[in-house]
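Enquirer: One file is attached below, my_file.csv, containing CSV, C-alpha atoms and all ligand atoms.
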```csv
chain,number,residue,atom,x,y,z
A,468,MET,CA,-28.3,13.8,4.4
A,469,GLN,CA,-25.3,12.6,6.6
A,470,PRO,CA,-23.4,9.7,5.1
A,471,PRO,CA,-23.3,6.8,7.5
A,472,THR,CA,-20.0,5.8,9.1
A,473,PHE,CA,-18.5,2.3,9.2
A,474,ARG,CA,-20.0,1.8,12.5
A,475,SER,CA,-23.5,2.7,11.5
A,476,LYS,CA,-26.4,0.4,11.9
A,477,ALA,CA,-28.4,-0.6,8.9
A,478,PHE,CA,-28.8,2.4,6.7
A,479,GLN,CA,-32.2,3.8,6.7
A,480,VAL,CA,-33.7,6.6,4.7
A,481,PRO,CA,-37.1,8.2,5.2
A,482,PHE,CA,-39.5,6.6,2.8
A,483,ALA,CA,-40.3,9.9,1.1
A,484,LEU,CA,-36.8,10.3,-0.2
A,485,TRP,CA,-36.9,7.1,-2.2
A,486,ILE,CA,-38.0,8.7,-5.5
A,487,PRO,CA,-36.8,6.5,-8.3
A,488,LEU,CA,-34.9,8.2,-11.0
A,489,PRO,CA,-35.7,7.1,-14.6
A,490,VAL,CA,-32.0,6.4,-15.3
A,491,ARG,CA,-30.0,3.4,-14.3
A,492,LEU,CA,-26.3,3.1,-14.8
A,493,SER,CA,-24.8,0.3,-16.8
A,494,THR,CA,-21.6,-1.6,-15.8
A,495,VAL,CA,-19.6,-0.6,-12.8
A,496,ASP,CA,-15.9,-1.3,-13.2
A,497,PHE,CA,-13.2,-1.4,-10.6
A,498,LEU,CA,-9.7,-2.9,-10.4
A,499,ASP,CA,-8.3,-3.0,-6.8
A,500,LEU,CA,-4.8,-1.7,-6.9
A,501,ASP,CA,-4.2,-1.9,-3.1
A,502,LEU,CA,-2.4,-5.3,-3.1
A,503,ASP,CA,-3.1,-6.0,0.6
A,504,LEU,CA,-5.9,-8.2,1.7
A,505,LEU,CA,-8.9,-6.3,3.2
A,506,GLU,CA,-7.8,-3.1,1.6
A,507,LEU,CA,-9.0,-1.4,-1.5
A,508,GLY,CA,-7.7,1.4,-3.7
A,509,GLY,CA,-8.2,2.4,-7.3
A,510,GLN,CA,-10.7,3.9,-9.7
A,511,VAL,CA,-14.3,3.0,-9.8
A,512,SER,CA,-15.9,3.9,-13.1
A,513,TRP,CA,-19.3,3.5,-14.7
A,514,ALA,CA,-21.1,4.5,-17.9
A,515,GLU,CA,-23.2,7.6,-17.5
A,516,PRO,CA,-26.8,7.5,-18.6
A,517,LEU,CA,-27.6,9.0,-22.0
A,518,ASP,CA,-30.0,11.5,-20.4
A,519,LEU,CA,-28.0,13.5,-18.0
A,520,SER,CA,-30.7,16.2,-17.5
A,521,LYS,CA,-31.8,14.8,-14.1
A,522,VAL,CA,-28.4,13.8,-12.9
A,523,GLN,CA,-26.7,16.1,-10.4
A,524,ASP,CA,-23.9,13.8,-9.4
A,525,TYR,CA,-23.1,10.2,-8.3
A,526,VAL,CA,-22.7,8.9,-4.8
A,527,VAL,CA,-20.4,5.8,-4.3
A,528,TYR,CA,-20.6,3.5,-1.4
A,529,LEU,CA,-19.2,0.3,-0.1
A,530,GLY,CA,-22.1,-1.9,0.8
A,531,ASN,CA,-23.8,-5.1,1.6
A,532,SER,CA,-27.4,-6.1,1.8
A,533,ILE,CA,-28.0,-4.3,5.1
A,534,ASP,CA,-25.4,-1.6,5.4
A,535,ARG,CA,-23.3,0.8,3.4
A,536,SER,CA,-20.5,3.4,3.9
A,537,GLN,CA,-20.0,6.4,1.6
A,538,LEU,CA,-16.8,6.6,-0.3
A,539,GLY,CA,-17.4,9.8,-2.1
A,540,VAL,CA,-19.3,11.9,-4.6
A,541,ALA,CA,-18.4,12.2,-8.2
A,542,GLN,CA,-19.5,14.7,-10.8
A,543,ASN,CA,-18.5,12.5,-13.7
A,544,SER,CA,-18.3,8.8,-14.4
A,545,GLN,CA,-15.4,7.9,-12.1
A,546,LEU,CA,-14.2,8.1,-8.5
A,547,ASP,CA,-10.8,7.4,-7.1
A,548,ILE,CA,-10.8,5.3,-4.0
A,549,ARG,CA,-7.8,6.1,-1.9
A,550,ALA,CA,-5.4,3.3,-1.1
A,551,GLU,CA,-5.7,1.5,2.3
A,552,THR,CA,-9.5,1.9,2.3
A,553,PRO,CA,-10.6,-1.0,4.5
A,554,THR,CA,-13.1,-3.4,2.9
A,555,GLY,CA,-14.7,-3.9,6.2
A,556,ARG,CA,-17.6,-6.3,6.1
A,557,PHE,CA,-18.7,-5.1,2.7
A,558,GLU,CA,-18.5,-6.9,-0.6
A,559,SER,CA,-20.0,-4.5,-3.1
A,560,LEU,CA,-19.4,-1.1,-4.7
A,561,LEU,CA,-22.7,0.8,-5.0
A,562,VAL,CA,-23.1,3.7,-7.4
A,563,TYR,CA,-26.2,5.9,-7.0
A,564,THR,CA,-27.2,8.6,-9.3
A,565,ARG,CA,-28.5,11.7,-7.5
A,566,SER,CA,-30.8,14.4,-8.7
A,567,SER,CA,-31.3,17.7,-6.9
A,568,LEU,CA,-34.1,15.9,-5.1
A,569,ALA,CA,-32.8,12.6,-4.0
A,570,GLU,CA,-30.6,9.6,-4.6
A,571,GLN,CA,-31.7,6.8,-6.8
A,572,SER,CA,-33.5,4.1,-4.8
A,573,SER,CA,-31.5,1.1,-6.2
A,574,PRO,CA,-27.9,1.5,-7.2
A,575,SER,CA,-25.8,-0.1,-9.8
A,576,SER,CA,-23.5,-2.4,-8.1
A,577,LEU,CA,-20.4,-4.5,-8.5
A,578,ILE,CA,-19.2,-7.3,-6.2
A,579,PHE,CA,-15.6,-6.2,-6.0
A,580,GLN,CA,-12.5,-8.4,-6.0
A,581,ASP,CA,-10.1,-7.6,-3.2
A,582,ASN,CA,-6.8,-8.1,-4.8
A,583,GLU,CA,-3.9,-9.4,-2.8
A,584,VAL,CA,-0.3,-10.2,-3.9
A,585,LEU,CA,1.1,-13.1,-1.9
A,586,LEU,CA,4.5,-14.3,-3.2
A,587,ASN,CA,6.2,-17.6,-2.8
A,588,ILE,CA,9.8,-16.5,-2.1
A,589,SER,CA,13.0,-18.6,-2.2
A,590,PHE,CA,16.6,-17.7,-1.5
A,591,TYR,CA,19.6,-19.9,-1.8
A,592,ASP,CA,22.5,-18.5,0.3
A,593,LEU,CA,25.8,-19.1,-1.3
A,594,ASP,CA,27.9,-17.0,1.1
A,595,LEU,CA,29.3,-19.8,3.1
A,596,ASP,CA,30.2,-17.7,6.2
A,597,GLU,CA,27.8,-17.6,9.1
A,598,GLY,CA,26.3,-14.1,9.3
A,599,ASP,CA,27.0,-13.3,5.6
A,600,LEU,CA,24.4,-13.6,2.9
A,601,GLY,CA,24.7,-13.8,-0.8
A,602,GLY,CA,22.9,-15.4,-3.7
A,603,LEU,CA,19.7,-15.3,-5.7
A,604,ALA,CA,16.3,-14.5,-4.3
A,605,ASN,CA,13.4,-15.1,-6.5
A,606,TRP,CA,9.6,-15.5,-6.2
A,607,SER,CA,6.5,-16.7,-7.9
A,608,GLY,CA,2.9,-15.9,-7.6
A,609,THR,CA,3.4,-12.6,-9.4
A,610,SER,CA,0.7,-10.7,-11.2
A,611,GLU,CA,2.0,-8.5,-14.0
A,612,GLU,CA,-1.5,-7.0,-14.4
A,613,LEU,CA,-1.4,-5.6,-10.9
A,614,VAL,CA,2.3,-5.2,-10.0
A,615,LEU,CA,4.7,-2.7,-11.6
A,616,GLU,CA,7.7,-3.5,-9.4
A,617,TYR,CA,8.9,-5.1,-6.2
A,618,ALA,CA,11.0,-3.6,-3.4
A,619,VAL,CA,13.1,-6.1,-1.6
A,620,TYR,CA,14.4,-5.8,2.0
A,621,LEU,CA,16.0,-7.8,4.8
A,622,ALA,CA,13.9,-7.6,7.9
A,623,GLU,CA,13.2,-8.9,11.3
A,624,ILE,CA,10.0,-9.5,13.2
A,625,CYS,CA,9.2,-6.6,15.5
A,626,GLU,CA,9.7,-7.0,19.2
A,627,GLY,CA,6.5,-7.6,21.2
A,628,GLN,CA,4.8,-8.9,18.1
A,629,GLU,CA,2.2,-10.8,20.0
A,630,ARG,CA,-0.1,-7.9,20.5
A,631,ASN,CA,-3.6,-8.9,21.2
A,632,ASP,CA,-6.3,-6.4,20.6
A,633,THR,CA,-8.2,-6.6,23.8
A,634,SER,CA,-7.6,-3.0,24.4
A,635,ASP,CA,-9.1,-1.8,21.1
A,636,THR,CA,-12.1,-3.5,19.8
A,637,SER,CA,-13.1,-1.1,17.1
A,638,ASP,CA,-13.8,-2.4,13.7
A,639,VAL,CA,-10.9,-0.6,12.2
A,640,ALA,CA,-8.4,-2.4,14.6
A,641,THR,CA,-9.9,-5.7,13.7
A,642,TRP,CA,-9.4,-5.1,10.0
A,643,GLU,CA,-5.8,-3.9,10.4
A,644,ASN,CA,-4.6,-6.7,12.5
A,645,SER,CA,-4.0,-9.4,10.0
A,646,THR,CA,-2.3,-12.6,11.1
A,647,SER,CA,0.9,-11.8,9.2
A,648,PRO,CA,3.7,-10.4,11.4
A,649,ASP,CA,4.9,-6.8,11.3
A,650,PHE,CA,8.5,-6.4,10.2
A,651,CYS,CA,11.0,-4.0,11.7
A,652,ASN,CA,14.5,-2.7,10.9
A,653,LEU,CA,14.1,-3.1,7.2
A,654,ARG,CA,17.3,-2.9,5.2
A,655,TYR,CA,16.8,-2.1,1.6
A,656,ILE,CA,18.3,-4.4,-1.0
A,657,ASP,CA,16.8,-3.5,-4.4
A,658,THR,CA,13.8,-2.6,-6.4
A,659,VAL,CA,13.1,-4.7,-9.5
A,660,ASN,CA,10.6,-4.6,-12.4
A,661,ALA,CA,7.6,-6.9,-12.2
A,662,SER,CA,8.8,-8.8,-15.3
A,663,GLU,CA,12.0,-9.8,-13.5
A,664,PRO,CA,11.0,-11.2,-10.1
A,665,ARG,CA,14.4,-11.9,-8.7
A,666,VAL,CA,17.2,-10.1,-6.9
A,667,GLN,CA,20.9,-11.0,-6.7
A,668,ILE,CA,21.9,-10.4,-3.1
A,669,PRO,CA,25.6,-9.5,-3.2
A,670,ALA,CA,28.0,-11.8,-1.3
A,671,GLU,CA,29.2,-10.4,2.1
A,672,THR,CA,25.8,-8.8,2.7
A,673,PRO,CA,25.7,-8.8,6.6
A,674,LYS,CA,22.8,-10.7,8.0
A,675,MET,CA,22.9,-8.7,11.3
A,676,ASN,CA,19.6,-9.5,13.1
A,677,SER,CA,17.6,-10.1,10.0
A,678,THR,CA,15.6,-13.3,9.8
A,679,HIS,CA,13.4,-12.6,6.8
A,680,LEU,CA,13.5,-11.5,3.2
A,681,ALA,CA,10.5,-9.2,2.7
A,682,VAL,CA,9.2,-8.3,-0.8
A,683,PHE,CA,6.7,-5.5,-1.2
A,684,ALA,CA,4.7,-5.4,-4.4
A,685,ARG,CA,4.0,-2.0,-5.8
A,686,SER,CA,1.0,-1.3,-8.1
A,687,ALA,CA,0.5,1.9,-10.1
A,688,LEU,CA,-1.3,3.2,-7.0
A,689,VAL,CA,0.6,2.2,-3.9
A,690,GLU,CA,3.1,-0.2,-2.3
A,691,GLN,CA,1.8,-3.0,-0.2
A,692,ARG,CA,1.8,-2.4,3.6
A,693,THR,CA,2.1,-6.1,4.3
A,694,PRO,CA,4.9,-7.8,2.4
A,695,SER,CA,5.4,-11.4,1.4
A,696,ALA,CA,8.2,-12.8,3.5
A,697,LEU,CA,10.6,-15.7,3.7
A,698,LEU,CA,12.3,-17.0,6.8
A,699,PHE,CA,15.7,-17.5,5.2
A,700,PHE,CA,18.5,-20.0,5.9
A,701,ASP,CA,22.0,-18.5,6.5
A,702,ALA,CA,24.2,-21.1,5.0
A,703,SER,CA,27.6,-21.7,6.5
A,704,ALA,CA,30.2,-24.4,5.6
A,705,SER,CA,33.8,-24.6,6.8
A,706,VAL,CA,36.3,-27.4,6.6
A,707,THR,CA,37.0,-29.4,9.7
A,708,GLN,CA,40.0,-31.3,11.1
A,709,LEU,CA,42.6,-29.3,9.2
A,710,SER,CA,46.0,-30.8,9.8
A,711,PHE,CA,49.5,-30.7,8.4
A,712,ALA,CA,52.7,-32.5,9.4
A,713,ASP,CA,55.8,-30.6,8.2
A,714,LEU,CA,58.3,-33.1,6.8
A,715,ASP,CA,60.7,-30.5,5.4
A,716,LEU,CA,63.4,-30.4,7.9
A,717,ASP,CA,64.7,-26.9,7.1
A,718,VAL,CA,63.7,-24.0,9.2
A,719,GLY,CA,61.5,-21.7,7.2
A,720,GLN,CA,60.5,-24.3,4.7
A,721,LEU,CA,57.5,-26.6,4.5
A,722,GLY,CA,56.9,-29.9,2.8
A,723,GLY,CA,54.2,-32.5,3.4
A,724,SER,CA,50.5,-33.0,3.0
A,725,ILE,CA,47.7,-30.7,4.2
A,726,THR,CA,44.6,-32.6,5.0
A,727,TRP,CA,41.1,-31.7,6.1
A,728,GLN,CA,37.6,-33.0,6.2
A,729,ALA,CA,34.6,-31.8,4.3
A,730,ALA,CA,32.2,-29.4,6.0
A,731,ASP,CA,29.7,-31.2,8.2
A,732,THR,CA,26.9,-28.6,8.2
A,733,ALA,CA,23.6,-28.6,6.4
A,734,ALA,CA,25.1,-26.3,3.8
A,735,ALA,CA,28.0,-28.7,2.9
A,736,PRO,CA,26.5,-29.5,-0.5
A,737,ARG,CA,26.9,-25.9,-1.4
A,738,VAL,CA,30.7,-26.2,-1.3
A,739,LEU,CA,32.3,-26.8,-4.7
A,740,SER,CA,36.0,-26.4,-3.9
A,741,TYR,CA,38.7,-25.5,-1.4
A,742,ASP,CA,41.3,-22.7,-1.6
A,743,VAL,CA,44.4,-23.2,0.4
A,744,TYR,CA,46.8,-20.3,1.4
A,745,LEU,CA,49.6,-19.4,3.7
A,746,ALA,CA,48.7,-16.4,5.9
A,747,PRO,CA,50.3,-14.4,8.7
A,748,ASP,CA,47.2,-14.9,10.9
A,749,THR,CA,43.8,-16.6,10.8
A,750,ALA,CA,42.0,-13.5,9.5
A,751,ALA,CA,44.1,-14.1,6.3
A,752,THR,CA,43.4,-10.7,4.8
A,753,GLN,CA,47.0,-11.0,3.5
A,754,ARG,CA,47.7,-14.4,2.0
A,755,SER,CA,49.7,-16.4,-0.5
A,756,ARG,CA,48.0,-19.0,-2.6
A,757,MET,CA,49.1,-22.6,-2.3
A,758,GLY,CA,46.5,-24.3,-4.4
A,759,SER,CA,42.9,-25.3,-4.8
A,760,GLN,CA,41.1,-28.7,-4.7
A,761,PRO,CA,37.6,-29.8,-5.8
A,762,VAL,CA,35.3,-31.3,-3.2
A,763,GLY,CA,36.2,-34.9,-2.8
A,764,GLN,CA,39.9,-34.2,-2.7
A,765,GLU,CA,40.4,-33.1,0.9
A,766,ALA,CA,44.2,-32.9,0.7
A,767,LEU,CA,46.9,-30.7,-0.8
A,768,VAL,CA,50.5,-31.8,-1.2
A,769,VAL,CA,53.1,-29.1,-0.3
A,770,GLU,CA,56.3,-29.7,-2.2
A,771,PRO,CA,59.4,-29.8,0.0
A,772,GLU,CA,61.4,-26.5,0.2
A,773,THR,CA,58.2,-24.4,0.0
A,774,ASP,CA,59.2,-21.2,1.7
A,775,LEU,CA,57.1,-20.2,4.7
A,776,PHE,CA,58.3,-16.5,4.4
A,777,GLU,CA,56.7,-14.4,7.1
A,778,PHE,CA,53.6,-16.6,7.3
A,779,SER,CA,52.7,-18.9,10.1
A,780,TYR,CA,49.3,-20.2,9.3
A,781,ILE,CA,47.8,-22.5,6.7
A,782,VAL,CA,44.2,-21.4,6.0
A,783,VAL,CA,41.5,-23.2,4.0
A,784,PHE,CA,38.5,-21.4,2.5
A,785,THR,CA,35.5,-23.2,1.1
A,786,ARG,CA,34.2,-21.8,-2.2
A,787,SER,CA,30.6,-22.0,-3.5
A,788,ALA,CA,29.3,-21.2,-7.0
A,789,LEU,CA,29.1,-17.6,-5.9
A,790,THR,CA,32.2,-16.8,-3.9
A,791,GLU,CA,35.0,-17.8,-1.6
A,792,GLN,CA,34.4,-17.7,2.1
A,793,THR,CA,35.5,-14.6,4.0
A,794,THR,CA,36.6,-16.4,7.1
A,795,PRO,CA,38.7,-19.5,6.7
A,796,VAL,CA,39.7,-22.3,9.0
A,797,GLY,CA,43.4,-21.8,10.1
A,798,LEU,CA,46.1,-24.0,11.4
A,799,HIS,CA,49.3,-22.7,13.0
A,800,VAL,CA,52.3,-24.2,11.2
A,801,SER,CA,54.7,-25.9,13.5
A,802,ASP,CA,58.1,-25.5,12.0
A,803,THR,CA,60.0,-27.0,14.9
A,804,GLN,CA,60.9,-30.4,13.5
A,805,ALA,CA,63.9,-28.8,11.8
A,806,THR,CA,66.2,-29.2,14.8
A,807,VAL,CA,68.1,-32.1,16.3
A,808,GLU,CA,65.0,-34.3,16.7
A,809,ASN,CA,64.8,-34.6,13.0
A,810,VAL,CA,66.7,-37.8,12.7
A,811,SER,CA,64.2,-40.0,14.4
A,812,PHE,CA,61.5,-38.1,12.6
A,813,ILE,CA,62.8,-39.1,9.2
A,814,ASP,CA,62.8,-42.7,10.2
A,815,LEU,CA,59.1,-42.5,10.8
A,816,ASP,CA,58.3,-41.1,7.4
A,817,LEU,CA,60.1,-43.2,4.9
A,818,ASP,CA,57.1,-43.0,2.5
A,819,PHE,CA,57.5,-39.3,2.2
A,820,THR,CA,61.2,-39.4,1.5
A,821,ASP,CA,60.5,-42.1,-1.1
A,822,ALA,CA,57.9,-39.9,-2.8
A,823,TRP,CA,60.1,-36.8,-2.9
A,824,GLY,CA,63.5,-38.3,-3.3
A,825,ASN,CA,66.2,-37.8,-0.7
A,826,LEU,CA,65.9,-35.0,1.7
A,827,ASP,CA,69.0,-32.8,2.1
B,1,CA,CA,-2.5,-1.3,1.3
B,2,CA,CA,-6.7,-5.4,-1.7
B,3,CA,CA,25.9,-17.4,5.0
B,4,CA,CA,31.4,-14.0,3.2
```
Output the file's structure as structure tokens, nothing else.
Expert:
Amino acid sequence: MQPPTFRSKAFQVPFALWIPLPVRLSTVDFLDLDLDLLELGGQVSWAEPLDLSKVQDYVVYLGNSIDRSQLGVAQNSQLDIRAETPTGRFESLLVYTRSSLAEQSSPSSLIFQDNEVLLNISFYDLDLDEGDLGGLANWSGTSEELVLEYAVYLAEICEGQERNDTSDTSDVATWENSTSPDFCNLRYIDTVNASEPRVQIPAETPKMNSTHLAVFARSALVEQRTPSALLFFDASASVTQLSFADLDLDVGQLGGSITWQAADTAAAPRVLSYDVYLAPDTAATQRSRMGSQPVGQEALVVEPETDLFEFSYIVVFTRSALTEQTTPVGLHVSDTQATVENVSFIDLDLDFTDAWGNLD
């Protein structure tokens, strides 16, 4: 007897073959360990009849009231369903005992549960540079019964995602094209145990073209093909309107007040403090610390006679709970007042000289 395929019409057997066997199986058990929707995988098991004398083997199908599709034949009381087996339009697992003459006429059956893991992911970016990511990603909706671990990636939606299936109308294509997008250019972040559904993404992780965090659940059998995903927010927050008037009249020395305005981006609430440095350029890979201020104090006093050394920029970095920015806002220091124009300049800034005593 040829097993029907998925595309078969209602399964029909010549009447003469329906010879009932005296044995009927008890409970059929199955735990779906393929964690994608519309896909099954795992072990079907059943209790064998006490009298095995007439039993040759067991035939397992996916089925519904009018149709069925053979999954396999088992010699004992279990059958492994390979991962990624499409559920198709079926809702039950059917197990028939088979003698040397024929299959049982009515099977033992189980309405299976198609398990799917769909996570609710969140990520709070605390790397305040645009294009850098860093911070905690975590998720809920976990099932420790089904999931052993999670693999976490950065990903982007594949080009030409809007594929319609007019060219391929087979059943299989219909099942495989779920509404969730496919992801491309996956970049591995980490794998974590199911009991710890979170990942610390290190600061300075380049965003590149990634738009999503993708989390694949892994069961004892197989990893999901369709991940849960989050369209993440790349936080960025830099100070604005950085300014400084040098009131120290000596060449090569600074004195005065550096002022700036708080970041004006959506991520501004993630800024906790500001770090101020002197640097030779705006990249500020080399720098000399001047001081730090908490948010709310957008100014730093530079005491007179502060040496400029070889530096020519004041740079201000924002700092989050995770890290300091990589790319600061910079201001070229104009140290030109310290020439003959300085007399009139002093007259304009009596408050400053009061505050710091007499200038030399
Ligand atoms: Ca799968
Ligand atoms: Ca499933
Ligand atoms: Ca960022
Ligand atoms: Ca950074």
Enquirer: Between A:Ala541, A:Cys625, A:Val584, A:Val689, which has the minimum distance to ligand CA 1 (chain B) (counting all atoms listed in the file)?
Expert: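 Of A:Ala541, A:Cys625, A:Val584, A:Val689, the one nearest ligand CA 1 (chain B) is A:Val689, counting all atoms listed in the file.
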Enquirer: At a cut-off of 12 Å and counting only C-alpha atoms and all ligand atoms, what residues surround ligand CA 3 (chain B)? Please answer as a ChimeraX atom specification.
Expert: /A:590-602,668-675,699-705,732-735,737-738,785-787,789-794
Enquirer: Give the residue list for ligand CA 2 (chain B) at 6 Å, counting only C-alpha atoms and all ligand atoms, as a list in words, sorted by chain and then by residue number.
Expert: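 With only C-alpha atoms and all ligand atoms and a cut-off of 6 Å, ligand CA 2 (chain B) is contacted by Asp499, Asp501, Leu502, Asp503, Leu504, Leu505, Glu506, Leu507, Asp581, Asn582 and Glu583 of chain A.
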Enquirer: With only C-alpha atoms counted, which protein, DNA or RNA residues have an atom no more than 12 Å from (20.9, -7.9, -8.7) in the file frame? Please answer as a short mmCIF file (atom, residue, chain, number, x, y, z; two decimals) with C-alpha atoms, keeping the file's coordinate frame.
Expert:
```
data_model
loop_
_atom_site.label_atom_id
_atom_site.label_comp_id
_atom_site.auth_asym_id
_atom_site.auth_seq_id
_atom_site.Cartn_x
_atom_site.Cartn_y
_atom_site.Cartn_z
CA GLY A 601 24.70 -13.80 -0.80
CA GLY A 602 22.90 -15.40 -3.70
CA LEU A 603 19.70 -15.30 -5.70
CA ALA A 604 16.30 -14.50 -4.30
CA ASN A 605 13.40 -15.10 -6.50
CA VAL A 619 13.10 -6.10 -1.60
CA ILE A 656 18.30 -4.40 -1.00
CA ASP A 657 16.80 -3.50 -4.40
CA THR A 658 13.80 -2.60 -6.40
CA VAL A 659 13.10 -4.70 -9.50
CA ASN A 660 10.60 -4.60 -12.40
CA GLU A 663 12.00 -9.80 -13.50
CA PRO A 664 11.00 -11.20 -10.10
CA ARG A 665 14.40 -11.90 -8.70
CA VAL A 666 17.20 -10.10 -6.90
CA GLN A 667 20.90 -11.00 -6.70
CA ILE A 668 21.90 -10.40 -3.10
CA PRO A 669 25.60 -9.50 -3.20
CA ALA A 670 28.00 -11.80 -1.30
#
```
Enquirer: Provide the atom CA of Thr707 of chain A to atom CA of Asp731 of chain A distance in Å, to one decimal place.
Expert: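 Separating atom CA of Thr707 of chain A from atom CA of Asp731 of chain A is a distance of 7.7 Å.
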Enquirer: Give me, as a PyMOL selection string, all polymer residues having an atom no more than 8 Å from Ala684 of chain A, counting all atoms listed in the file and skipping those fewer than 4 positions away in the same chain.
Expert: chain A and resi 502+584+614-618+690-691+694
Enquirer: How many Å separate atom CA of Ala751 of chain A from atom CA of Gln764 of chain A?
Expert: 22.4 Å
Enquirer: Taking 4 positions as the minimum chain separation for residues in the same chain, which residues sit within 7 Å of Asp547 of chain A when counting only C-alpha atoms? Answer as a ChimeraX atom specification.
Expert: /A:509-511
Enquirer: For segment 550-560 of chain A, find every residue with an atom within 9 Å (counting only C-alpha atoms), except residues of its own chain fewer than 5 positions away, and show them as a count of residues only.
Expert: 37
Enquirer: For each of A:Arg685, A:Ser610, A:Leu621, A:Asn543, take the minimum atom-to-atom distance to ligand CA 1 (chain B), counting only C-alpha atoms and all ligand atoms, then give the residue where this is smallest.
Expert: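 Closest to ligand CA 1 (chain B), using only C-alpha atoms and all ligand atoms: A:Arg685.
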Enquirer: Compare A:Thr564, A:Ser677, A:Thr693, A:Gln542 by their minimum atom-to-atom distance to ligand CA 1 (chain B), counting only C-alpha atoms and all ligand atoms, and give me the closest one.
Expert: A:Thr693
Enquirer: Just the number, please: distance in Å from atom CA of Ala687 of chain A to atom CA of Leu613 of chain A, one decimal.
Expert: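 Straight-line distance from atom CA of Ala687 of chain A to atom CA of Leu613 of chain A works out to 7.8 Å.
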Enquirer: Could you rebuild segment 657-670 of chain A with N, CA and C atoms and give me the result as a compact mmCIF listing (two decimals), in the coordinates of the input?
Expert:
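Output below, filename rebuild36.txt:
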```txt
# COMPACT_ATOMS: atom_id res chain seq x y z
N ASP A 657 16.98 -3.88 -2.97
CA ASP A 657 16.80 -3.50 -4.40
C ASP A 657 15.37 -3.37 -4.73
N THR A 658 15.13 -2.68 -5.85
CA THR A 658 13.80 -2.60 -6.40
C THR A 658 13.90 -3.18 -7.86
N VAL A 659 13.00 -4.08 -8.22
CA VAL A 659 13.10 -4.70 -9.50
C VAL A 659 11.74 -4.59 -10.24
N ASN A 660 11.81 -4.61 -11.56
CA ASN A 660 10.60 -4.60 -12.40
C ASN A 660 9.81 -5.87 -12.21
N ALA A 661 8.50 -5.74 -12.37
CA ALA A 661 7.60 -6.90 -12.20
C ALA A 661 7.94 -8.04 -13.13
N SER A 662 8.51 -7.71 -14.29
CA SER A 662 8.80 -8.80 -15.30
C SER A 662 10.07 -9.54 -14.89
N GLU A 663 10.81 -9.07 -13.88
CA GLU A 663 12.00 -9.80 -13.50
C GLU A 663 11.97 -10.02 -11.95
N PRO A 664 11.20 -11.00 -11.57
CA PRO A 664 11.00 -11.20 -10.10
C PRO A 664 12.11 -11.93 -9.44
N ARG A 665 13.25 -11.26 -9.40
CA ARG A 665 14.40 -11.90 -8.70
C ARG A 665 15.42 -10.78 -8.39
N VAL A 666 16.21 -11.07 -7.38
CA VAL A 666 17.20 -10.10 -6.90
C VAL A 666 18.49 -10.91 -6.59
N GLN A 667 19.63 -10.42 -7.06
CA GLN A 667 20.90 -11.00 -6.70
C GLN A 667 21.39 -10.29 -5.43
N ILE A 668 21.40 -10.98 -4.30
CA ILE A 668 21.90 -10.40 -3.10
C ILE A 668 23.43 -10.53 -3.10
N PRO A 669 24.17 -9.42 -3.04
CA PRO A 669 25.60 -9.50 -3.20
C PRO A 669 26.25 -10.30 -2.04
N ALA A 670 27.28 -11.06 -2.35
CA ALA A 670 28.00 -11.80 -1.30
C ALA A 670 28.51 -10.75 -0.28
```
